[in-house]
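Have a look at target31.txt below; it lists compact mmCIF, C-alpha atoms.
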# COMPACT_ATOMS: atom_id res chain seq x y z
CA MET A 155 0.00 0.00 0.00
CA PHE A 156 2.91 2.33 0.43
CA ARG A 157 5.10 3.34 -2.47
CA LEU A 158 7.28 6.22 -1.30
CA PHE A 159 10.44 4.35 -0.51
CA ALA A 160 11.55 1.37 -2.55
CA PHE A 161 13.91 0.10 0.13
CA ILE A 162 10.98 -0.43 2.48
CA VAL A 163 9.47 -2.85 -0.01
CA VAL A 164 12.61 -4.94 0.20
CA ALA A 165 12.65 -4.84 4.01
CA LEU A 166 9.04 -5.89 4.29
CA ALA A 167 9.45 -8.65 1.73
CA ILE A 168 12.31 -10.06 3.78
CA ALA A 169 10.28 -9.77 7.00
CA THR A 170 7.29 -11.64 5.59
CA GLU A 171 9.22 -13.93 3.23
CA THR A 172 6.20 -15.34 1.42
CA VAL A 173 4.29 -12.16 0.57
CA ALA A 174 5.18 -9.05 -1.36
CA ALA A 175 4.43 -6.10 0.92
CA LEU A 176 3.87 -2.65 -0.49
CA PRO A 177 5.98 0.06 1.16
CA PRO A 178 4.79 2.79 3.55
CA GLY A 179 3.96 6.26 2.24
CA THR A 180 0.63 5.64 0.84
CA ARG A 181 -2.51 3.59 1.34
CA ILE A 182 -9.82 3.92 0.62
CA VAL A 183 -11.15 0.88 -0.93
CA GLY A 184 -14.83 -0.02 -0.59
CA GLY A 185 -15.66 3.46 0.66
CA ARG A 186 -18.13 6.19 -0.25
CA ASP A 187 -18.12 9.95 -0.77
CA VAL A 188 -18.39 11.94 2.42
CA THR A 189 -18.34 15.64 3.32
CA ILE A 190 -15.60 17.22 5.38
CA ALA A 191 -18.31 18.23 7.90
CA LYS A 192 -18.50 14.58 8.95
CA HIS A 193 -14.72 14.31 9.39
CA PRO A 194 -13.55 17.89 10.12
CA HIS A 195 -10.35 16.60 11.72
CA GLN A 196 -9.10 15.32 8.33
CA VAL A 197 -6.54 17.30 6.33
CA SER A 198 -4.65 16.81 3.09
CA LEU A 199 -0.87 16.88 3.19
CA ARG A 200 0.41 18.14 -0.16
CA TYR A 201 3.92 17.93 -1.55
CA LYS A 202 5.73 20.02 -4.15
CA THR A 203 8.13 17.97 -6.28
CA CYS A 204 9.80 20.90 -8.13
CA ASP A 205 10.24 24.66 -7.77
CA GLU A 206 7.43 25.69 -10.12
CA CYS A 207 5.14 22.72 -9.52
CA THR A 208 1.72 22.69 -7.91
CA PHE A 209 1.37 21.10 -4.50
CA LEU A 210 -0.19 17.66 -4.94
CA HIS A 211 -1.93 15.47 -2.37
CA SER A 212 0.45 12.84 -1.03
CA CYS A 213 -0.84 11.85 2.41
CA GLY A 214 -3.54 12.53 4.97
CA GLY A 215 -3.24 14.14 8.36
CA VAL A 216 -5.23 14.84 11.50
CA ILE A 217 -5.86 18.14 13.27
CA TYR A 218 -4.56 18.08 16.85
CA SER A 219 -4.89 21.82 17.47
CA GLU A 220 -4.85 25.11 15.55
CA GLN A 221 -1.07 24.86 15.26
CA VAL A 222 -0.47 21.10 15.21
CA ILE A 223 -1.14 18.31 12.71
CA LEU A 224 -0.48 14.60 13.21
CA THR A 225 0.56 12.33 10.36
CA ALA A 226 2.61 9.23 9.61
CA ALA A 227 6.37 9.59 9.93
CA HIS A 228 6.95 7.96 6.53
CA CYS A 229 4.88 10.74 4.91
CA VAL A 230 7.45 13.38 5.89
CA TYR A 231 10.60 11.29 6.26
CA LYS A 232 13.54 13.05 4.55
CA ARG A 233 11.27 15.85 3.33
CA GLU A 234 11.70 19.58 3.91
CA ASP A 235 8.97 21.59 5.61
CA HIS A 236 8.95 24.21 2.82
CA ASP A 237 8.05 21.51 0.26
CA LEU A 238 4.85 20.64 2.12
CA ILE A 239 1.58 22.38 2.90
CA VAL A 240 -1.52 21.36 4.85
CA VAL A 241 -5.00 21.93 3.39
CA ALA A 242 -7.94 21.73 5.82
CA GLY A 243 -11.68 22.34 5.66
CA THR A 244 -12.38 20.75 2.26
CA ASP A 245 -13.50 17.35 1.01
CA ASN A 246 -11.80 17.92 -2.36
CA ARG A 247 -8.39 16.41 -3.01
CA SER A 248 -7.26 19.34 -5.17
CA GLY A 249 -8.38 22.85 -6.04
CA SER A 250 -8.25 26.22 -4.35
CA ASP A 251 -10.94 25.70 -1.72
CA GLY A 252 -10.05 24.94 1.86
CA VAL A 253 -7.68 26.52 4.36
CA VAL A 254 -4.00 26.40 3.46
CA ALA A 255 -1.33 26.33 6.14
CA VAL A 256 2.43 26.27 5.78
CA ILE A 257 4.56 24.01 7.94
CA ASP A 258 7.13 25.58 10.23
CA LYS A 259 8.61 22.44 11.80
CA ILE A 260 8.47 18.65 11.43
CA VAL A 261 9.17 16.34 14.38
CA ILE A 262 9.42 12.62 13.64
CA HIS A 263 9.34 10.07 16.46
CA GLU A 264 12.92 9.56 17.60
CA GLU A 265 12.52 5.78 17.43
CA TYR A 266 10.88 5.68 14.01
CA ASN A 267 12.20 2.69 12.09
CA PRO A 268 11.54 3.10 8.34
CA ALA A 269 12.46 -0.51 7.57
CA LEU A 270 9.88 -1.90 9.98
CA THR A 271 7.50 1.09 10.01
CA GLU A 272 7.72 1.13 13.80
CA ASN A 273 6.73 4.33 15.67
CA ASP A 274 5.38 5.69 12.38
CA VAL A 275 4.16 9.01 13.77
CA ALA A 276 5.15 12.63 13.24
CA VAL A 277 3.99 16.02 14.50
CA LEU A 278 3.78 19.01 12.15
CA PHE A 279 3.91 22.49 13.65
CA LEU A 280 2.19 25.07 11.48
CA GLY A 281 3.56 28.50 10.63
CA THR A 282 0.03 29.66 9.87
CA PRO A 283 -2.52 28.33 12.40
CA ILE A 284 -5.78 26.82 11.20
CA GLN A 285 -8.86 28.52 12.64
CA LEU A 286 -11.04 25.78 14.09
CA ASN A 287 -14.73 26.46 13.43
CA GLY A 288 -16.08 23.16 14.75
CA PHE A 289 -17.83 22.45 11.45
CA THR A 290 -15.25 21.91 8.69
CA THR A 291 -12.16 22.21 10.88
CA LYS A 292 -12.01 20.58 14.28
CA ALA A 293 -9.37 18.98 16.50
CA ALA A 294 -9.54 15.22 17.01
CA GLU A 295 -9.63 13.77 20.49
CA LEU A 296 -6.88 11.22 21.06
CA ALA A 297 -7.85 7.78 22.35
CA LYS A 298 -6.80 7.10 25.93
CA GLU A 299 -7.22 3.33 25.73
CA VAL A 300 -6.55 0.76 23.05
CA PRO A 301 -9.93 -0.17 21.52
CA LYS A 302 -11.26 -3.69 21.92
CA ALA A 303 -11.15 -6.13 19.03
CA GLY A 304 -14.39 -5.93 17.06
CA SER A 305 -14.90 -2.22 17.72
CA THR A 306 -16.33 -0.33 14.75
CA ALA A 307 -14.06 2.30 13.26
CA TRP A 308 -14.03 4.66 10.27
CA VAL A 309 -11.06 5.28 8.02
CA THR A 310 -10.98 8.27 5.66
CA GLY A 311 -8.85 9.74 2.91
CA TRP A 312 -8.38 10.70 -0.74
CA GLY A 313 -6.24 7.72 -1.66
CA THR A 314 -6.75 5.17 -4.41
CA THR A 315 -10.08 3.36 -4.53
CA THR A 316 -8.48 0.12 -5.75
CA GLU A 317 -5.04 -1.35 -5.14
CA GLY A 318 -2.73 0.40 -7.59
CA GLY A 319 -5.64 2.49 -8.96
CA ALA A 320 -6.40 6.21 -9.12
CA ASN A 321 -6.88 8.64 -6.26
CA SER A 322 -10.36 9.80 -5.34
CA PHE A 323 -11.18 13.46 -5.97
CA LYS A 324 -13.75 13.44 -3.15
CA LEU A 325 -13.03 12.44 0.45
CA GLN A 326 -13.92 8.80 1.10
CA GLU A 327 -14.92 6.93 4.26
CA ALA A 328 -15.06 3.20 4.94
CA GLU A 329 -16.27 1.22 7.93
CA VAL A 330 -13.86 -1.34 9.36
CA LYS A 331 -13.44 -3.37 12.53
CA VAL A 332 -10.53 -3.40 14.95
CA ILE A 333 -8.67 -6.70 14.56
CA ASP A 334 -7.31 -8.70 17.49
CA GLN A 335 -3.56 -8.14 17.85
CA ASP A 336 -2.74 -11.86 17.85
CA VAL A 337 -4.86 -12.47 14.76
CA CYS A 338 -3.09 -9.65 12.95
CA ASN A 339 0.31 -10.97 14.03
CA ASP A 340 -0.62 -14.40 12.68
CA ALA A 341 -1.50 -12.78 9.35
CA TYR A 342 1.81 -10.96 8.97
CA GLY A 343 4.01 -13.40 10.87
CA PHE A 344 7.44 -13.05 12.49
CA GLY A 345 6.14 -10.85 15.35
CA ARG A 346 5.70 -8.08 12.79
CA ILE A 347 2.87 -6.36 14.68
CA THR A 348 4.11 -4.52 17.77
CA GLU A 349 2.26 -2.87 20.66
CA ASN A 350 2.72 0.45 18.86
CA MET A 351 0.57 -0.83 15.98
CA LEU A 352 -3.17 -1.37 15.66
CA CYS A 353 -4.91 -3.44 12.98
CA ALA A 354 -8.31 -2.91 11.36
CA GLY A 355 -10.13 -4.36 8.39
CA ALA A 356 -13.31 -6.01 7.11
CA VAL A 357 -14.25 -9.67 7.24
CA GLY A 358 -13.61 -11.00 3.75
CA GLY A 359 -11.69 -7.85 2.81
CA GLY A 360 -13.04 -5.20 0.47
CA ARG A 361 -12.74 -2.18 2.76
CA ASP A 362 -9.44 -0.60 3.71
CA ALA A 363 -7.17 2.39 3.38
CA CYS A 364 -5.01 2.42 0.24
CA GLN A 365 -2.31 4.41 -1.59
CA ASN A 366 -2.07 8.06 -0.50
CA ASP A 367 -4.34 7.65 2.52
CA SER A 368 -1.33 7.30 4.84
CA GLY A 369 -1.18 9.65 7.80
CA GLY A 370 -4.95 9.97 7.88
CA PRO A 371 -7.29 9.06 10.73
CA LEU A 372 -8.89 5.89 12.02
CA MET A 373 -11.76 7.05 14.26
CA SER A 374 -13.94 5.12 16.71
CA ASN A 375 -16.58 6.52 19.09
CA GLY A 376 -15.43 10.05 18.36
CA SER A 377 -11.77 9.43 19.18
CA LEU A 378 -8.67 9.03 17.06
CA ILE A 379 -7.55 5.45 17.63
CA GLY A 380 -5.15 5.06 14.72
CA ILE A 381 -3.08 6.82 12.08
CA ILE A 382 -2.91 5.05 8.70
CA SER A 383 0.50 3.44 8.46
CA TRP A 384 1.15 0.32 6.36
CA GLY A 385 -0.01 -3.08 5.21
CA THR A 386 0.21 -5.62 2.40
CA GLY A 387 -1.85 -4.52 -0.56
CA CYS A 388 -5.25 -2.89 -0.06
CA ALA A 389 -8.41 -4.54 1.26
CA ARG A 390 -7.02 -8.05 0.92
CA PRO A 391 -8.98 -10.43 3.17
CA GLU A 392 -5.85 -12.04 4.57
CA TYR A 393 -4.03 -8.79 5.44
CA PRO A 394 -5.69 -6.13 7.64
CA GLY A 395 -4.56 -2.53 7.47
CA VAL A 396 -1.97 -1.51 10.06
CA TYR A 397 -2.18 1.77 11.96
CA VAL A 398 -0.23 3.69 14.55
CA ASN A 399 -1.68 2.77 17.94
CA VAL A 400 -2.64 6.27 19.11
CA ALA A 401 -3.34 5.29 22.72
CA ASN A 402 0.25 4.04 23.01
CA SER A 403 1.67 7.03 21.12
CA ARG A 404 -0.33 9.61 23.04
CA PRO A 405 2.32 10.33 25.73
CA TRP A 406 4.94 10.97 23.03
CA ILE A 407 2.58 13.19 21.04
CA GLU A 408 1.57 15.28 24.05
CA GLU A 409 5.15 15.69 25.24
CA THR A 410 6.36 16.63 21.76
CA VAL A 411 3.68 19.29 21.43
CA LYS A 412 4.44 20.64 24.93
CA VAL A 413 8.17 20.92 24.25
CA ASN A 414 7.88 22.52 20.82
CA LEU A 415 5.07 25.04 21.27
Render the structure in this file as structure tokens.
Amino acid sequence: MFRLFAFIVVALAIATETVAALPPGTRIVGGRDVTIAKHPHQVSLRYKTCDECTFLHSCGGVIYSEQVILTAAHCVYKREDHDLIVVAGTDNRSGSDGVVAVIDKIVIHEEYNPALTENDVAVLFLGTPIQLNGFTTKAAELAKEVPKAGSTAWVTGWGTTTEGGANSFKLQEAEVKVIDQDVCNDAYGFGRITENMLCAGAVGGGRDACQNDSGGPLMSNGSLIGIISWGTGCARPEYPGVYVNVANSRPWIEETVKVNL
């Protein structure tokens, strides 16, 4: 599901031996159009590939506060803050609508491991704060406890609607279920799923995050329980999507924000 860094593909293929894992940096299949008013915490992280180029959607993100955005570490790994912008308050993947904010500072988890996609979380500090109106822009509440297996969750983003397909112009949402940690570990093997990861998917597959959804939210009961991270393919029945376990990452996030603001 991720395609930003080719070397990650190799690392994951070695770790799983029998399956070809897609690398982190990307990842909604089986979803439907939804307005930003239903998911006002969602933002688009856009990247400029050349000096005169337009900023293009590359990942998702989550509003933590007027000045802070959460995303996946692999979305901003080895990227400069001036080559990225955040667009909030719109359900369109591109265009001039929405609120644009520049990024002043990027802080990646100190123990982020790009080969294993461990601690795949980053905090973006904005140079231009986003005004939160509670309707199209709103901060997400971080989960305090790891959700129980079987809990209903919603994953959102503008990523591809099929594995290897085209991005969606309109924001998509898909309903998934939290997967038991041991079940997810059995799927990926080799102790691949750590306590800093959370798995979610649909029985029989068909609903999942996909390419360019990375960094976006997994919400349950009004709280952010996960940040889209990695997985093998998109919506495959045998491989659930893997997310940053927000409840476990919460202390790091809160301390990072406190130190840098």
How far is it from CA of Gly313 in chain A to CA of Gly359 in chain A, in Å with one decimal?
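Rounded to one decimal, the two atoms are 17.1 Å apart.
Across A:Val277, A:Ala242, A:Cys207, A:Ile260, the tightest approach to Glu408 in chain A is made by A:Val277 when counting all atoms listed in the file.
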Residue contacts of Gly281 in chain A (12 Å, all atoms listed in the file) excluding same-chain residues fewer than 6 positions away, as an mmCIF file with C-alpha atoms, in the frame of the given file:
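So the final result, stored in part-v5.cif, reads:
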data_model
loop_
_atom_site.group_PDB
_atom_site.id
_atom_site.type_symbol
_atom_site.label_atom_id
_atom_site.label_comp_id
_atom_site.auth_asym_id
_atom_site.auth_seq_id
_atom_site.Cartn_x
_atom_site.Cartn_y
_atom_site.Cartn_z
ATOM 1 C CA GLU A 220 -4.850 25.110 15.550
ATOM 2 C CA GLN A 221 -1.070 24.860 15.260
ATOM 3 C CA VAL A 222 -0.470 21.100 15.210
ATOM 4 C CA ILE A 223 -1.140 18.310 12.710
ATOM 5 C CA ASP A 235 8.970 21.590 5.610
ATOM 6 C CA HIS A 236 8.950 24.210 2.820
ATOM 7 C CA LEU A 238 4.850 20.640 2.120
ATOM 8 C CA ILE A 239 1.580 22.380 2.900
ATOM 9 C CA VAL A 240 -1.520 21.360 4.850
ATOM 10 C CA VAL A 254 -4.000 26.400 3.460
ATOM 11 C CA ALA A 255 -1.330 26.330 6.140
ATOM 12 C CA VAL A 256 2.430 26.270 5.780
ATOM 13 C CA ILE A 257 4.560 24.010 7.940
ATOM 14 C CA ASP A 258 7.130 25.580 10.230
ATOM 15 C CA LYS A 259 8.610 22.440 11.800
ATOM 16 C CA ILE A 260 8.470 18.650 11.430
ATOM 17 C CA LEU A 415 5.070 25.040 21.270
#
Among the residues A:Gly304, A:Pro394, A:Pro283, A:Gly252, the one that comes closest to Ala341 in chain A [using all atoms listed in the file]:
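Comparing A:Gly304, A:Pro394, A:Pro283, A:Gly252 against Ala341 in chain A, the winner is A:Pro394.
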Please, which residues are within 12 Å of (-13.0, 23.4, 1.2) by the file's coordinates, counting only C-alpha atoms, and could they come as a PyMOL selection string?
chain A and resi 189-191+194+196-198+241-254+289-291+324-325
Please, could you write that set of residues out with C-alpha atoms as a JSON list (two decimals), keeping the file's coordinate frame?
[["chain", "number", "residue", "atom", "x", "y", "z"],
["A", 189, "THR", "CA", -18.34, 15.64, 3.32],
["A", 190, "ILE", "CA", -15.60, 17.22, 5.38],
["A", 191, "ALA", "CA", -18.31, 18.23, 7.90],
["A", 194, "PRO", "CA", -13.55, 17.89, 10.12],
["A", 196, "GLN", "CA", -9.10, 15.32, 8.33],
["A", 197, "VAL", "CA", -6.54, 17.30, 6.33],
["A", 198, "SER", "CA", -4.65, 16.81, 3.09],
["A", 241, "VAL", "CA", -5.00, 21.93, 3.39],
["A", 242, "ALA", "CA", -7.94, 21.73, 5.82],
["A", 243, "GLY", "CA", -11.68, 22.34, 5.66],
["A", 244, "THR", "CA", -12.38, 20.75, 2.26],
["A", 245, "ASP", "CA", -13.50, 17.35, 1.01],
["A", 246, "ASN", "CA", -11.80, 17.92, -2.36],
["A", 247, "ARG", "CA", -8.39, 16.41, -3.01],
["A", 248, "SER", "CA", -7.26, 19.34, -5.17],
["A", 249, "GLY", "CA", -8.38, 22.85, -6.04],
["A", 250, "SER", "CA", -8.25, 26.22, -4.35],
["A", 251, "ASP", "CA", -10.94, 25.70, -1.72],
["A", 252, "GLY", "CA", -10.05, 24.94, 1.86],
["A", 253, "VAL", "CA", -7.68, 26.52, 4.36],
["A", 254, "VAL", "CA", -4.00, 26.40, 3.46],
["A", 289, "PHE", "CA", -17.83, 22.45, 11.45],
["A", 290, "THR", "CA", -15.25, 21.91, 8.69],
["A", 291, "THR", "CA", -12.16, 22.21, 10.88],
["A", 324, "LYS", "CA", -13.75, 13.44, -3.15],
["A", 325, "LEU", "CA", -13.03, 12.44, 0.45]]
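The interatomic distance for the pair CA of Arg346 in chain A and CA of Ala269 in chain A works out to 11.4 Å.
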Which polymer residues have any atom within 6 Å of an atom of Gly395 in chain A, counting all atoms listed in the file, with same-chain residues fewer than 3 positions away left out, as a PyMOL selection string?
chain A and resi 353-355+385
Serialized selection, C-alpha atoms, as a compact mmCIF listing (two decimals), in the coordinates of the input:
# COMPACT_ATOMS: atom_id res chain seq x y z
CA CYS A 353 -4.91 -3.44 12.98
CA ALA A 354 -8.31 -2.91 11.36
CA GLY A 355 -10.13 -4.36 8.39
CA GLY A 385 -0.01 -3.08 5.21
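Counting all atoms listed in the file and comparing A:Gly215, A:Gly376, A:Gly184, A:Gly387, the residue that lies closest to Thr306 in chain A is A:Gly376.
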Measuring atom to atom with all atoms listed in the file, identify which of A:Ala276, A:Leu199, A:Ala363, A:Ile382 is nearest to Trp406 in chain A.
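With all atoms listed in the file as the atom set, the closest residue is A:Ala276.
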CA of Trp312 in chain A to CA of Glu327 in chain A, distance in Å rounded to a single decimal:
9.1 Å
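Among A:Arg200, A:His193, A:Lys331, A:His228, the residue with the shortest atom-to-atom distance to Glu272 in chain A, counting all atoms listed in the file, is A:His228.
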Of the residues A:Ile407, A:Cys388, A:Ala293, A:Val183, which is the one nearest to Val261 in chain A, using all atoms listed in the file?
A:Ile407
Please provide as number ranges by chain all residues within 12 Å of Ile347 in chain A, with the sequence filter that same-chain residues fewer than 2 positions apart are discarded (counting all atoms listed in the file).
A: 169-170, 270-273, 333-345, 349-353, 383-385, 393-399
